[in-house]
$ cat start01.csv   # CSV, C-alpha atoms
chain,number,residue,atom,x,y,z
A,1,MET,CA,-11.8,8.2,23.3
A,2,ALA,CA,-11.1,8.9,19.7
A,3,SER,CA,-14.2,9.6,17.6
A,4,THR,CA,-15.2,7.0,15.1
A,5,VAL,CA,-16.1,7.5,11.5
A,6,ARG,CA,-19.7,7.0,12.4
A,7,ASP,CA,-19.4,9.7,15.2
A,8,GLU,CA,-17.9,12.2,12.7
A,9,VAL,CA,-20.6,11.5,10.1
A,10,LEU,CA,-23.4,11.9,12.7
A,11,SER,CA,-21.8,15.1,14.0
A,12,TYR,CA,-21.6,16.5,10.4
A,13,LEU,CA,-25.2,15.6,9.7
A,14,ALA,CA,-26.5,17.1,12.9
A,15,ASP,CA,-24.6,20.3,12.2
A,16,LEU,CA,-26.4,20.6,8.9
A,17,LYS,CA,-29.6,21.4,10.8
A,18,LEU,CA,-31.8,20.0,8.1
A,19,LYS,CA,-35.3,21.4,7.9
A,20,ASN,CA,-37.3,18.5,6.7
A,21,PHE,CA,-35.2,15.6,8.0
A,22,LYS,CA,-34.2,14.5,11.4
A,23,VAL,CA,-30.9,12.9,12.3
A,24,SER,CA,-31.0,10.0,14.7
A,25,VAL,CA,-28.1,8.9,16.8
A,26,GLU,CA,-29.6,5.4,17.2
A,27,LEU,CA,-28.5,2.5,15.1
A,28,PRO,CA,-31.0,1.8,12.3
A,29,PHE,CA,-32.3,-1.5,13.5
A,30,ASP,CA,-34.5,-2.4,16.5
A,31,PRO,CA,-33.9,-5.5,18.6
A,32,ASN,CA,-36.1,-7.5,16.2
A,33,GLY,CA,-34.0,-6.5,13.3
A,34,THR,CA,-36.7,-4.2,11.8
A,35,PRO,CA,-35.2,-1.2,10.1
A,36,LEU,CA,-36.1,1.9,12.1
A,37,TYR,CA,-36.0,4.0,9.0
A,38,LEU,CA,-39.1,2.2,7.7
A,39,LYS,CA,-40.9,3.2,10.9
A,40,ASN,CA,-39.6,6.7,10.9
A,41,PRO,CA,-39.5,8.1,7.4
A,42,LYS,CA,-37.5,11.3,6.8
A,43,THR,CA,-35.1,10.4,9.6
A,44,ILE,CA,-31.5,9.7,8.8
A,45,TYR,CA,-29.9,6.7,10.4
A,46,VAL,CA,-26.2,5.9,10.4
A,47,ASP,CA,-25.3,2.2,10.8
A,48,ALA,CA,-22.4,0.8,12.8
A,49,GLU,CA,-19.2,1.1,10.9
A,50,GLN,CA,-17.6,-2.0,9.4
A,51,VAL,CA,-13.8,-2.1,9.4
A,52,VAL,CA,-11.9,-4.5,7.2
A,53,THR,CA,-8.1,-4.7,7.4
A,54,GLU,CA,-6.4,-6.3,4.4
A,55,PRO,CA,-2.8,-6.6,3.1
A,56,PHE,CA,-1.9,-3.7,0.9
A,57,ILE,CA,1.8,-4.1,0.2
A,58,GLN,CA,3.6,-7.4,0.8
A,59,MET,CA,7.2,-7.3,1.8
A,60,PHE,CA,9.6,-10.0,2.9
A,61,ASN,CA,9.8,-8.4,6.4
A,62,GLY,CA,6.1,-7.8,6.9
A,63,THR,CA,3.0,-6.3,5.4
A,64,ILE,CA,1.7,-2.8,5.1
A,65,ASP,CA,-2.1,-3.1,5.7
A,66,GLN,CA,-5.0,-1.1,4.3
A,67,GLU,CA,-7.9,-0.4,6.6
A,68,VAL,CA,-11.3,0.0,4.8
A,69,THR,CA,-14.0,1.6,6.9
A,70,THR,CA,-17.6,1.4,5.6
A,71,VAL,CA,-20.5,3.3,7.0
A,72,ALA,CA,-24.1,3.0,5.6
A,73,VAL,CA,-26.5,5.9,6.0
A,74,PHE,CA,-30.2,5.1,5.5
A,75,LEU,CA,-33.0,7.4,4.7
A,76,ALA,CA,-36.7,6.6,3.9
A,77,THR,CA,-39.0,9.0,2.1
A,78,ASP,CA,-42.4,8.9,0.5
A,79,ALA,CA,-41.9,7.2,-2.8
A,80,LYS,CA,-44.8,8.9,-4.5
A,81,GLN,CA,-43.8,12.5,-3.7
A,82,LEU,CA,-40.2,13.1,-2.9
A,83,PRO,CA,-39.5,15.9,-0.4
A,84,ARG,CA,-38.5,19.1,-2.3
A,85,ASP,CA,-35.0,19.0,-0.8
A,86,TYR,CA,-34.4,15.3,-1.2
A,87,SER,CA,-31.6,15.7,-3.8
A,88,THR,CA,-29.9,18.3,-1.7
A,89,VAL,CA,-30.0,16.2,1.4
A,90,VAL,CA,-28.6,13.1,-0.4
A,91,SER,CA,-25.8,15.3,-1.8
A,92,GLN,CA,-25.0,16.5,1.7
A,93,VAL,CA,-25.0,13.0,3.0
A,94,LYS,CA,-22.7,11.9,0.2
A,95,ALA,CA,-20.4,14.8,1.0
A,96,SER,CA,-19.8,13.4,4.5
A,97,LYS,CA,-17.0,11.3,3.1
A,98,ASP,CA,-14.9,14.4,2.9
A,99,VAL,CA,-15.5,15.7,6.4
A,100,VAL,CA,-14.0,12.7,8.2
A,101,VAL,CA,-10.6,13.6,9.6
A,102,GLY,CA,-7.8,11.2,8.9
A,103,LYS,CA,-5.3,10.2,6.2
A,104,TYR,CA,-7.8,8.4,4.0
A,105,PHE,CA,-6.5,8.1,0.5
A,106,ILE,CA,-9.7,6.7,-1.0
A,107,ARG,CA,-13.0,8.3,-0.1
A,108,ASN,CA,-16.0,6.9,-1.9
A,109,SER,CA,-19.7,7.4,-1.4
A,110,ASP,CA,-22.3,5.4,-3.4
A,111,VAL,CA,-26.0,6.0,-3.4
A,112,THR,CA,-28.5,3.2,-4.0
A,113,THR,CA,-32.3,3.2,-3.8
A,114,GLU,CA,-35.0,0.6,-3.4
A,115,TYR,CA,-38.7,0.6,-2.9
A,116,GLN,CA,-40.5,-0.9,0.0
A,117,THR,CA,-44.3,-0.6,0.1
A,118,ASP,CA,-44.8,3.2,-0.4
A,119,LEU,CA,-41.3,4.2,0.7
A,120,LEU,CA,-38.2,5.0,-1.2
A,121,ILE,CA,-35.2,3.7,0.8
A,122,THR,CA,-32.0,5.6,0.0
A,123,THR,CA,-28.8,4.1,1.2
A,124,VAL,CA,-25.5,6.1,1.0
A,125,GLN,CA,-22.5,3.8,1.5
A,126,ILE,CA,-19.5,5.7,2.6
A,127,GLN,CA,-16.2,3.9,2.2
A,128,LEU,CA,-12.8,5.2,3.4
A,129,SER,CA,-9.4,3.6,3.0
A,130,ARG,CA,-6.2,4.3,4.8
A,131,ILE,CA,-2.8,2.8,5.3
A,132,ILE,CA,-1.7,1.3,8.6
A,133,PRO,CA,0.6,2.5,10.0
A,134,LEU,CA,1.2,5.8,8.2
B,1,MET,CA,16.8,-33.5,-4.7
B,2,SER,CA,18.5,-31.0,-2.4
B,3,GLU,CA,16.7,-28.7,-0.2
B,4,PHE,CA,14.8,-25.8,-1.8
B,5,ILE,CA,15.8,-22.3,-1.0
B,6,VAL,CA,12.6,-20.5,-0.1
B,7,SER,CA,11.8,-16.8,0.0
B,8,PRO,CA,12.1,-14.9,3.2
B,9,GLY,CA,9.1,-15.1,5.4
B,10,GLN,CA,8.3,-18.7,4.4
B,11,THR,CA,8.1,-21.3,7.1
B,12,GLY,CA,8.0,-25.0,7.2
B,13,THR,CA,10.6,-27.7,6.6
B,14,LEU,CA,12.3,-25.9,3.8
B,15,THR,CA,15.3,-23.6,4.4
B,16,ASP,CA,14.1,-20.4,6.0
B,17,THR,CA,17.2,-18.4,6.5
B,18,SER,CA,17.1,-15.8,3.8
B,19,PRO,CA,17.5,-12.4,5.5
B,20,THR,CA,15.2,-9.7,4.5
B,21,VAL,CA,17.8,-7.0,3.9
B,22,VAL,CA,20.5,-5.9,1.5
B,23,THR,CA,23.4,-4.2,3.4
B,24,LEU,CA,25.4,-1.4,1.9
B,25,THR,CA,28.7,-0.1,3.3
B,26,VAL,CA,31.2,2.6,2.3
B,27,ALA,CA,34.8,1.5,2.7
B,28,GLY,CA,36.4,2.9,5.8
B,29,LYS,CA,33.2,4.5,7.1
B,30,THR,CA,31.4,3.0,10.0
B,31,GLY,CA,27.6,2.9,9.5
B,32,PRO,CA,26.0,0.4,7.2
B,33,LEU,CA,22.8,1.1,5.4
B,34,LEU,CA,20.3,-1.7,5.7
B,35,ILE,CA,17.9,-1.8,2.8
B,36,GLU,CA,14.7,-3.3,4.2
B,37,SER,CA,11.1,-3.6,3.1
B,38,LEU,CA,12.1,-5.7,0.1
B,39,GLN,CA,9.3,-6.7,-2.2
B,40,ASP,CA,11.4,-8.8,-4.5
B,41,VAL,CA,15.0,-9.5,-5.3
B,42,SER,CA,16.7,-10.7,-8.4
B,43,MET,CA,20.3,-11.2,-9.3
B,44,PRO,CA,20.9,-10.9,-13.1
B,45,MET,CA,24.3,-12.2,-14.2
B,46,SER,CA,24.1,-11.9,-17.9
B,47,LYS,CA,27.1,-13.0,-19.8
B,48,ASP,CA,28.3,-11.4,-23.0
B,49,LEU,CA,28.8,-13.9,-25.9
B,50,PHE,CA,31.6,-14.1,-28.4
B,51,THR,CA,30.0,-15.5,-31.6
B,52,TRP,CA,31.5,-16.8,-34.7
B,53,THR,CA,30.7,-19.0,-37.7
B,54,GLN,CA,32.6,-22.0,-38.8
B,55,MET,CA,32.3,-23.8,-42.1
B,56,ASN,CA,32.0,-27.2,-40.5
B,57,TYR,CA,29.2,-26.2,-38.1
B,58,SER,CA,25.7,-25.4,-39.2
B,59,GLY,CA,25.1,-23.7,-35.9
B,60,LYS,CA,26.8,-20.6,-34.7
B,61,ARG,CA,29.7,-21.1,-32.3
B,62,GLN,CA,29.4,-19.2,-29.1
B,63,ILE,CA,31.4,-18.9,-25.9
B,64,PRO,CA,30.6,-16.7,-22.9
B,65,THR,CA,33.0,-14.0,-22.0
B,66,THR,CA,32.5,-11.4,-19.3
B,67,SER,CA,29.3,-10.8,-17.4
B,68,ALA,CA,27.4,-7.7,-16.4
B,69,ASN,CA,26.3,-8.4,-12.8
B,70,SER,CA,23.7,-6.6,-10.8
B,71,LEU,CA,21.3,-7.0,-8.0
B,72,THR,CA,17.8,-5.6,-8.5
B,73,THR,CA,15.0,-5.1,-6.0
B,74,ASN,CA,11.8,-3.2,-5.4
B,75,ILE,CA,11.4,-1.7,-1.9
B,76,VAL,CA,9.0,0.5,0.1
B,77,LEU,CA,10.9,3.7,1.0
B,78,ASP,CA,11.4,4.6,4.6
B,79,LYS,CA,12.6,8.1,5.7
B,80,GLU,CA,15.9,7.1,7.3
B,81,GLY,CA,16.8,4.7,4.5
B,82,TRP,CA,16.1,7.3,1.9
B,83,GLU,CA,17.4,10.5,3.5
B,84,GLY,CA,20.0,9.0,5.8
B,85,VAL,CA,20.5,9.4,9.5
B,86,VAL,CA,22.2,12.1,11.5
B,87,ALA,CA,25.9,11.3,11.9
B,88,ASP,CA,27.1,10.0,15.3
B,89,ALA,CA,29.7,7.7,16.6
B,90,SER,CA,28.0,4.6,15.0
B,91,ASN,CA,27.2,6.3,11.8
B,92,VAL,CA,30.1,8.6,10.7
B,93,ALA,CA,29.8,11.3,8.1
B,94,GLY,CA,30.2,9.8,4.6
B,95,SER,CA,28.9,6.4,5.7
B,96,ALA,CA,26.1,4.6,3.8
B,97,SER,CA,23.7,5.1,6.6
B,98,VAL,CA,24.3,8.8,6.8
B,99,LEU,CA,24.2,9.3,3.0
B,100,GLY,CA,21.1,7.2,2.6
B,101,LEU,CA,19.9,5.9,-0.7
B,102,PHE,CA,19.4,9.5,-2.0
B,103,GLY,CA,22.9,10.5,-1.1
B,104,LEU,CA,24.5,7.3,-2.4
B,105,THR,CA,22.7,7.7,-5.7
B,106,THR,CA,23.4,11.4,-6.3
B,107,ALA,CA,27.0,11.1,-5.3
B,108,GLY,CA,27.6,7.9,-7.1
B,109,THR,CA,29.4,6.5,-4.1
B,110,ARG,CA,31.1,3.1,-4.4
B,111,VAL,CA,29.6,0.7,-1.9
B,112,GLY,CA,30.1,-2.8,-0.6
B,113,ILE,CA,26.9,-4.8,-1.2
B,114,ALA,CA,26.0,-7.8,0.9
B,115,TRP,CA,22.9,-10.1,0.6
B,116,ASN,CA,21.9,-13.6,1.0
B,117,ILE,CA,20.3,-16.4,-1.0
B,118,GLY,CA,19.0,-18.7,1.6
B,119,ALA,CA,21.7,-19.2,4.2
B,120,THR,CA,24.5,-18.3,1.9
B,121,ALA,CA,26.0,-14.9,1.9
B,122,TYR,CA,27.0,-13.0,-1.2
B,123,SER,CA,29.0,-9.8,-1.6
B,124,ALA,CA,30.2,-7.5,-4.2
B,125,GLU,CA,31.2,-3.9,-4.8
B,126,GLY,CA,29.3,-1.4,-7.0
B,127,TYR,CA,27.0,1.5,-7.2
B,128,VAL,CA,23.4,2.3,-6.4
B,129,THR,CA,21.6,3.0,-9.7
B,130,GLY,CA,18.2,2.8,-11.2
B,131,VAL,CA,16.4,4.4,-8.2
B,132,THR,CA,13.0,5.7,-9.3
B,133,PRO,CA,10.8,6.6,-6.3
B,134,ALA,CA,7.1,6.7,-7.2
B,135,VAL,CA,3.8,7.2,-5.6
B,136,SER,CA,0.3,7.5,-6.9
B,137,THR,CA,-3.1,8.4,-5.6
B,138,ASP,CA,-4.3,4.8,-5.4
B,139,SER,CA,-1.1,3.6,-3.8
B,140,PRO,CA,0.0,6.3,-1.3
B,141,VAL,CA,3.2,4.7,-0.2
B,142,TRP,CA,6.5,5.6,-1.9
B,143,VAL,CA,8.1,2.6,-3.6
B,144,THR,CA,11.1,2.3,-5.8
B,145,PRO,CA,13.0,-0.1,-7.9
B,146,ILE,CA,16.8,-0.2,-7.1
B,147,THR,CA,19.5,-1.6,-9.2
B,148,PHE,CA,22.8,-2.3,-7.5
B,149,THR,CA,25.2,-2.2,-10.4
B,150,ILE,CA,28.1,-4.5,-9.6
B,151,ASP,CA,31.7,-3.6,-10.6
B,152,GLY,CA,33.5,-6.9,-11.1
B,153,ASN,CA,32.7,-10.3,-9.6
B,154,ILE,CA,30.1,-11.5,-7.1
B,155,THR,CA,31.7,-13.4,-4.2
B,156,MET,CA,29.8,-16.3,-2.6
B,157,ALA,CA,30.9,-17.0,1.0

$ encode --input "start01.csv" --output "structure tokens"
Amino acid sequence: MASTVRDEVLSYLADLKLKNFKVSVELPFDPNGTPLYLKNPKTIYVDAEQVVTEPFIQMFNGTIDQEVTTVAVFLATDAKQLPRDYSTVVSQVKASKDVVVGKYFIRNSDVTTEYQTDLLITTVQIQLSRIIPL
Amino acid sequence: MSEFIVSPGQTGTLTDTSPTVVTLTVAGKTGPLLIESLQDVSMPMSKDLFTWTQMNYSGKRQIPTTSANSLTTNIVLDKEGWEGVVADASNVAGSASVLGLFGLTTAGTRVGIAWNIGATAYSAEGYVTGVTPAVSTDSPVWVTPITFTIDGNITMA
């Protein structure tokens, strides 16, 4: 079975062998919908990938489609005192957009943060676009 | 009002018979080149005008003379259509399908051009000009405008 974008991101993150952060292969939500990254700070979770197919070029005899795959990576840390390697780890997570194999012509990664209680939740949104078929 | 002629791919009660291809042929050579993946088609038939002034008219006098005809389209390039196919019994050397758009353009080969508007077939003879293949990072598919410059009249079947 071909590996998914999520598999490749997880594999890349695991290979980094981060010192102060763990990488979980679990999806980031428990059956009640509670974010696991709130329970387990300093553990990186990769959400299920979202795939959207939309028309890219319209022709009289058909359509060339664009497939946009989005994967969200979550990471919670102490909001008061960030881990010393926080920036490095976030940069490495962002760089995962470039390790996914495939003819993706747009590779984006956006970082957003929010506070929940005493935690800083960092979300890295990785978005890859490719043409189907190519 | 008579029936509308709709674009290819449209369905419903309107006429839906426009083919999605422009066909090129080289006289005496078996092997047509079907130009597919059309994004739009237009058929400029601009007439030249002979203009003169006349003392008893406040407006200029004008009559149409000859027209410069062409067929223009934008297409998505495909490998066979651009480079041509390998010659065989159905596609002989020097045919449009073997020369491909690149060969027809560079050689300036005279071709027969056939297309439809709705169910009605049109044909003419001319040359492939105005080919400008382009690609960009945010649109990684080669596309090109094409002008089929028509030598003489367009014939409606």

$ atom_distance --input "start01.csv" --atom1 "atom CA of Thr4 of chain A" --atom2 "atom CA of Val101 of chain A"
9.7 Å

$ atom_distance --input "start01.csv" --atom1 "atom CA of Ala157 of chain B" --atom2 "atom CA of Thr120 of chain B"
6.6 Å

$ closest_residue --input "start01.csv" --among "A:Arg84, A:Lys19, A:Arg130, A:Lys94" --to "chain B" --atoms "all atoms listed in the file"
A:Arg130

$ interface_residues --input "start01.csv" --of "chain A" --to "chain B" --cutoff "9 Å" --atoms "all atoms listed in the file" --output "PyMOL selection string"
chain A and resi 56-63+105-106+130-131+134

$ atom_distance --input "start01.csv" --atom1 "atom CA of Asp7 of chain A" --atom2 "atom CA of Asp30 of chain A"
19.4 Å

$ residues_around --input "start01.csv" --residues "Gly31 of chain B" --least-positions-apart "4" --cutoff "7 Å" --atoms "all atoms listed in the file" --output "PDB file with C-alpha atoms, in the coordinates of the input"
ATOM      1  CA  THR B  25      28.700  -0.100   3.300  1.00  0.00           C
ATOM      2  CA  SER B  90      28.000   4.600  15.000  1.00  0.00           C
ATOM      3  CA  ASN B  91      27.200   6.300  11.800  1.00  0.00           C
ATOM      4  CA  VAL B  92      30.100   8.600  10.700  1.00  0.00           C
ATOM      5  CA  SER B  95      28.900   6.400   5.700  1.00  0.00           C
ATOM      6  CA  ALA B  96      26.100   4.600   3.800  1.00  0.00           C
ATOM      7  CA  SER B  97      23.700   5.100   6.600  1.00  0.00           C
TER       8      SER B  97
END

$ residues_around --input "start01.csv" --residues "segment 40-47 of chain A" --least-positions-apart "3" --cutoff "6 Å" --atoms "all atoms listed in the file" --output "tab-separated table (two decimals) with C-alpha atoms, in the frame of the given file"
chain	number	residue	atom	x	y	z
A	21	PHE	CA	-35.20	15.60	8.00
A	22	LYS	CA	-34.20	14.50	11.40
A	23	VAL	CA	-30.90	12.90	12.30
A	24	SER	CA	-31.00	10.00	14.70
A	27	LEU	CA	-28.50	2.50	15.10
A	28	PRO	CA	-31.00	1.80	12.30
A	37	TYR	CA	-36.00	4.00	9.00
A	72	ALA	CA	-24.10	3.00	5.60
A	73	VAL	CA	-26.50	5.90	6.00
A	74	PHE	CA	-30.20	5.10	5.50
A	75	LEU	CA	-33.00	7.40	4.70
A	76	ALA	CA	-36.70	6.60	3.90
A	77	THR	CA	-39.00	9.00	2.10

$ residues_near_point --input "start01.csv" --point "(-30.3, 3.6, 0.3)" --cutoff "6 Å" --atoms "all atoms listed in the file" --output "VMD selection string"
chain A and resid 74 112 to 113 121 to 124

$ residues_near_point --input "start01.csv" --point "(-18.2, 12.9, 10.5)" --cutoff "8 Å" --atoms "only C-alpha atoms" --output "list in words"
Val5, Arg6, Asp7, Glu8, Val9, Leu10, Ser11, Tyr12, Leu13, Ser96, Lys97, Val99, Val100 and Val101 of chain A

$ residues_around --input "start01.csv" --residues "Ile146 of chain B" --least-positions-apart "4" --cutoff "8 Å" --atoms "all atoms listed in the file" --output "list in words"
Thr72, Thr73, Asn74, Ile75, Val128, Thr129, Gly130, Val131 and Thr132 of chain B

$ residues_around --input "start01.csv" --residues "Leu101 of chain B" --least-positions-apart "5" --cutoff "7 Å" --atoms "only C-alpha atoms" --output "NGL selection string"
:B and (81-83)

$ closest_residue --input "start01.csv" --among "B:Leu104, B:Ala119, B:Leu49, B:Leu77" --to "Thr65 of chain B" --atoms "all atoms listed in the file"
B:Leu49

$ axis_aligned_box --input "start01.csv" --around "segment 63-79 of chain B" --padding-each-side "3 Å" --output "JSON"
{"center_x": 21.0, "center_y": -5.4, "center_z": -10.1, "size_x": 30.0, "size_y": 33.0, "size_z": 37.6}

$ decode --input "start01.csv" --residues "segment 81-112 of chain B" --atoms "N, CA and C atoms" --output "short mmCIF file (atom, residue, chain, number, x, y, z; two decimals), in the first residue's frame"
data_model
loop_
_atom_site.label_atom_id
_atom_site.label_comp_id
_atom_site.auth_asym_id
_atom_site.auth_seq_id
_atom_site.Cartn_x
_atom_site.Cartn_y
_atom_site.Cartn_z
N GLY B 81 0.72 15.29 -29.45
CA GLY B 81 0.24 16.39 -30.27
C GLY B 81 1.34 17.42 -30.55
N TRP B 82 2.21 17.60 -29.59
CA TRP B 82 3.27 18.59 -29.72
C TRP B 82 4.46 18.04 -30.52
N GLU B 83 4.92 16.84 -30.14
CA GLU B 83 6.13 16.30 -30.75
C GLU B 83 5.83 15.47 -31.99
N GLY B 84 4.59 14.98 -32.10
CA GLY B 84 4.25 14.09 -33.20
C GLY B 84 4.43 12.64 -32.80
N VAL B 85 3.88 11.75 -33.61
CA VAL B 85 3.97 10.31 -33.31
C VAL B 85 5.00 9.68 -34.26
N VAL B 86 5.40 8.46 -33.93
CA VAL B 86 6.33 7.73 -34.79
C VAL B 86 5.58 7.29 -36.05
N ALA B 87 6.22 7.46 -37.18
CA ALA B 87 5.57 7.13 -38.45
C ALA B 87 5.26 5.65 -38.55
N ASP B 88 4.08 5.33 -39.06
CA ASP B 88 3.70 3.95 -39.35
C ASP B 88 2.72 3.99 -40.52
N ALA B 89 2.02 2.89 -40.75
CA ALA B 89 1.14 2.82 -41.92
C ALA B 89 0.00 3.83 -41.83
N SER B 90 -0.46 4.11 -40.61
CA SER B 90 -1.59 5.04 -40.44
C SER B 90 -1.14 6.49 -40.31
N ASN B 91 0.13 6.66 -40.06
CA ASN B 91 0.68 8.01 -39.89
C ASN B 91 1.99 8.10 -40.66
N VAL B 92 1.89 8.46 -41.91
CA VAL B 92 3.08 8.40 -42.77
C VAL B 92 3.99 9.61 -42.51
N ALA B 93 5.24 9.44 -42.88
CA ALA B 93 6.21 10.54 -42.72
C ALA B 93 5.71 11.79 -43.44
N GLY B 94 5.82 12.90 -42.77
CA GLY B 94 5.37 14.16 -43.38
C GLY B 94 3.92 14.48 -43.12
N SER B 95 3.21 13.55 -42.47
CA SER B 95 1.80 13.83 -42.14
C SER B 95 1.74 14.75 -40.93
N ALA B 96 0.56 15.31 -40.71
CA ALA B 96 0.39 16.24 -39.59
C ALA B 96 0.61 15.55 -38.25
N SER B 97 0.15 14.30 -38.16
CA SER B 97 0.29 13.59 -36.88
C SER B 97 1.76 13.29 -36.59
N VAL B 98 2.56 13.05 -37.61
CA VAL B 98 3.99 12.75 -37.40
C VAL B 98 4.77 14.04 -37.13
N LEU B 99 4.42 15.09 -37.83
CA LEU B 99 5.13 16.36 -37.62
C LEU B 99 4.80 16.97 -36.27
N GLY B 100 3.56 16.79 -35.83
CA GLY B 100 3.14 17.41 -34.57
C GLY B 100 3.06 18.93 -34.71
N LEU B 101 2.56 19.56 -33.68
CA LEU B 101 2.42 21.02 -33.73
C LEU B 101 3.77 21.71 -33.87
N PHE B 102 4.78 21.14 -33.20
CA PHE B 102 6.12 21.74 -33.28
C PHE B 102 6.64 21.68 -34.72
N GLY B 103 6.52 20.52 -35.34
CA GLY B 103 7.02 20.34 -36.70
C GLY B 103 6.25 21.19 -37.70
N LEU B 104 4.94 21.23 -37.55
CA LEU B 104 4.12 22.03 -38.47
C LEU B 104 4.46 23.51 -38.35
N THR B 105 4.77 23.94 -37.13
CA THR B 105 5.09 25.35 -36.91
C THR B 105 6.45 25.71 -37.50
N THR B 106 7.45 24.89 -37.16
CA THR B 106 8.80 25.22 -37.59
C THR B 106 8.96 25.07 -39.11
N ALA B 107 8.29 24.09 -39.69
CA ALA B 107 8.43 23.87 -41.13
C ALA B 107 7.50 24.78 -41.93
N GLY B 108 6.53 25.38 -41.25
CA GLY B 108 5.58 26.22 -41.97
C GLY B 108 4.78 25.42 -42.99
N THR B 109 4.40 24.22 -42.59
CA THR B 109 3.70 23.31 -43.51
C THR B 109 2.26 23.77 -43.73
N ARG B 110 1.85 23.74 -44.97
CA ARG B 110 0.45 24.08 -45.29
C ARG B 110 -0.43 22.92 -44.87
N VAL B 111 -1.50 23.24 -44.16
CA VAL B 111 -2.37 22.18 -43.65
C VAL B 111 -3.82 22.46 -43.98
N GLY B 112 -4.59 21.39 -44.05
CA GLY B 112 -6.04 21.51 -44.09
C GLY B 112 -6.53 21.59 -42.66
#
